[in-house]
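Participant: I'd like to ask some things about the structure below.
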Amino acid sequence: MSSSPYNYSEKYSLPEYNYKSHPKASYEKNSFSIASLHFCKKAIIWIFSLKPRSLSRSTFGVAFGYFFYIFKFICLMYFIFSKLGFLGSSNKNKAATSNIGPNRESPEYKNIVQKIFTTSAIPQDSYLTGEINPPRNMSRVFAHVNEKMPREYWDWENTTLQFSDNSKYIVDEEVGRGKFSNVYKCKSPEYDFPLVMKVFKPERTKRIRREILILKNLKGGPNIIPLIDVIKDQEEGNPTLVFPYIDNNHWKKEYPTFDIHQIKKLIFELLKALQYCHSKGIMHRDVKPHNVCIDKNTREVWLIDWGLADFYHVGVKNNVRVASRYYKAPEQLVNYQLYDYSLDMWSLGVVLAGLIFRKEFFFKGDSDEDQLVKIMSVLGTDDLRDYIKDYEINLSLDIKKIIEDYEFEKLDWSIFINEENKRLATKEAVDLVDHLLRYDHQTRLTAEEAMAHPFFDEVRNL
Ligand code: N4N
């Protein structure tokens, strides 16, 4: 496969792409698919067509026949119920090893893709729990997703860590260093594609459980990095997550080369991942170019590092000290803790603004306070004051002083357009940025609404 940027659109066209050839296509085998339904149907027909009397004419034969008949019926029922998940507790242990990652050929996966691709005609009921006129302090969409799920779905504090055998992993070079973890390239004879190990630094065990539960809940979602295994590293025995290795260029080198079509495709793929995780009650909370991997060869987009992600619960206060400064939303900077999924939409808006205006960082503050000033200098101070009033936000003295002392007019987006970026900053692109970068988080587009924006007309049905 060539990696010339001119073939970009071809690589992205869904019908032509041969998913079978991709190594990742084979991870997930245990989901309840149409194929297993057919198997169940066949098995039922087989069992009921088998008359016990036909086995033998002796009394013993008849008794044995009936016994066999009932035994098979029980086996079949067990099989069906376990597939349907009624016997869920019995396959908890298997989860860590074999069944993680998207099987892009499975009917469920295709359904998800189908649903997300046809966003221009969004059916109303796809908003599941959507509120037309939601109260302040509550997400406009997917507000009650976690309430409706069993406790095990979101109660990460009460999960137990389970580690599989680590002896088959062979560690290569280090590829990344983070605050909470180091990432090493590695391989295993079980997988014919390269892997990475994300080795956590000690004392971080609480957070790891949250990350693992979230990765398991989101497995198979579009463009969500699939968790392959959970092990202990061979050297120190620290908890370690195993993912596929993504051969990617550094975003600082790659993003300045993007044309408008590549930008649309990238943002649209990220929206699919965000729409999916939000619909599952989860906010990523650290959307930034660093956490987006674009495969050099296949051009697939993956949203990685779910270490800061968390479950959304109505009325539960969240820590505002997450995300990287340049992508922090106003609600975090003014310490409004009842934020929701729309936090990710701000960060995505900042990524998009950086792309279309060809700025490495669209808002580049030297501190959290300065970050707010940078945002105010673009969006103006009046709307921020309205926002603070509307949501009755209690400000710290420092922030209060900043908001009172500065006076900025809201800038027209057109002032950011120059000779260099005018081909990217089209009317639609600027309009989308304008609908994502809003102080009032309830007025930002949701991921689903953003996917319906005309900016994506060109890429929506690829
Ligand atoms: C995560 C996560 C992180 C990675 C992969 C999957 C999940 C990766 C690289 C490739 C890489 C390659 C070249 C240079 C630098 N990390 N890093 N990094 O945190 O969830 S995949």
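Lettering and numbering for the structure tokens are positional, with chains as A, B, ... in the shown order, residues counted from 1 in each chain, and ligands counted from 1 in the shown order.
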Each residue of chain A lying at most 10 Å from ligand 1 should get a row with its shortest atom-to-atom pair and the distance in Å to one decimal, counting only C-alpha atoms and all ligand atoms; could you produce that, ordered by chain and increasing number, as a tab-separated table?
Facilitator:
```
residue	atom	partner	partner_atom_place_in_ligand_line	distance
A:Glu174	CA	ligand 1	15 (C)	8.3
A:Val175	CA	ligand 1	15 (C)	4.5
A:Gly176	CA	ligand 1	18 (N)	5.3
A:Arg177	CA	ligand 1	18 (N)	8.9
A:Gly178	CA	ligand 1	19 (O)	8.9
A:Phe180	CA	ligand 1	19 (O)	9.9
A:Ser181	CA	ligand 1	19 (O)	8.2
A:Asn182	CA	ligand 1	19 (O)	8.9
A:Val183	CA	ligand 1	16 (N)	6.2
A:Tyr184	CA	ligand 1	17 (N)	7.9
A:Lys185	CA	ligand 1	10 (C)	7.7
A:Pro194	CA	ligand 1	21 (S)	9.6
A:Leu195	CA	ligand 1	21 (S)	7.9
A:Val196	CA	ligand 1	5 (C)	6.0
A:Met197	CA	ligand 1	5 (C)	7.8
A:Lys198	CA	ligand 1	19 (O)	6.5
A:Val199	CA	ligand 1	19 (O)	9.6
A:Glu211	CA	ligand 1	20 (O)	8.7
A:Ile212	CA	ligand 1	20 (O)	9.9
A:Leu215	CA	ligand 1	20 (O)	8.8
A:Ile224	CA	ligand 1	20 (O)	9.3
A:Ile225	CA	ligand 1	7 (C)	6.1
A:Pro226	CA	ligand 1	7 (C)	7.8
A:Leu227	CA	ligand 1	7 (C)	7.8
A:Ile228	CA	ligand 1	6 (C)	9.9
A:Leu241	CA	ligand 1	20 (O)	8.2
A:Val242	CA	ligand 1	6 (C)	7.6
A:Phe243	CA	ligand 1	6 (C)	5.0
A:Pro244	CA	ligand 1	6 (C)	6.2
A:Tyr245	CA	ligand 1	21 (S)	4.6
A:Ile246	CA	ligand 1	10 (C)	4.4
A:Asp247	CA	ligand 1	12 (C)	5.5
A:Asn248	CA	ligand 1	12 (C)	5.7
A:Asn249	CA	ligand 1	13 (C)	7.0
A:His250	CA	ligand 1	14 (C)	7.1
A:His290	CA	ligand 1	18 (N)	9.3
A:Asn291	CA	ligand 1	19 (O)	7.5
A:Val292	CA	ligand 1	3 (C)	9.2
A:Cys293	CA	ligand 1	21 (S)	7.0
A:Ile294	CA	ligand 1	10 (C)	9.3
A:Asp295	CA	ligand 1	10 (C)	8.9
A:Trp302	CA	ligand 1	6 (C)	8.4
A:Leu303	CA	ligand 1	20 (O)	7.9
A:Ile304	CA	ligand 1	20 (O)	4.2
A:Asp305	CA	ligand 1	20 (O)	3.1
A:Trp306	CA	ligand 1	20 (O)	5.5
A:Gly307	CA	ligand 1	20 (O)	7.0
```
Participant: Run DSSP on the backbone and grab whatever in region 187-406 of chain A lands in alpha helix (DSSP H); send it over as a PyMOL selection string.
Facilitator: chain A and resi 205-218+251-254+260-279+330-333+342-356+368-379+382-390+397-405
Participant: With distances taken over only C-alpha atoms, which residue among A:Lys216, A:Lys280, A:Arg285, A:His313 lies nearest Ala143 (chain A)?
Facilitator: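 Of the candidates, the smallest distance to Ala143 (chain A) is held by A:His313.
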Participant: If DSSP is run on the backbone, what residues of region 134-233 of chain A are strand (DSSP E or B)? A reply as number ranges by chain would be ideal.
Facilitator: A: 170-177, 181-187, 195-200, 224, 229-232
Participant: Just the residues within 6 Å of Ile231 (chain A), please, counting only C-alpha atoms, with nothing from its chain fewer than 5 positions along; format it as a list in words.
Facilitator: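 The residues satisfying every condition are Phe163, Ser164, Asn166 and Thr240 of chain A.
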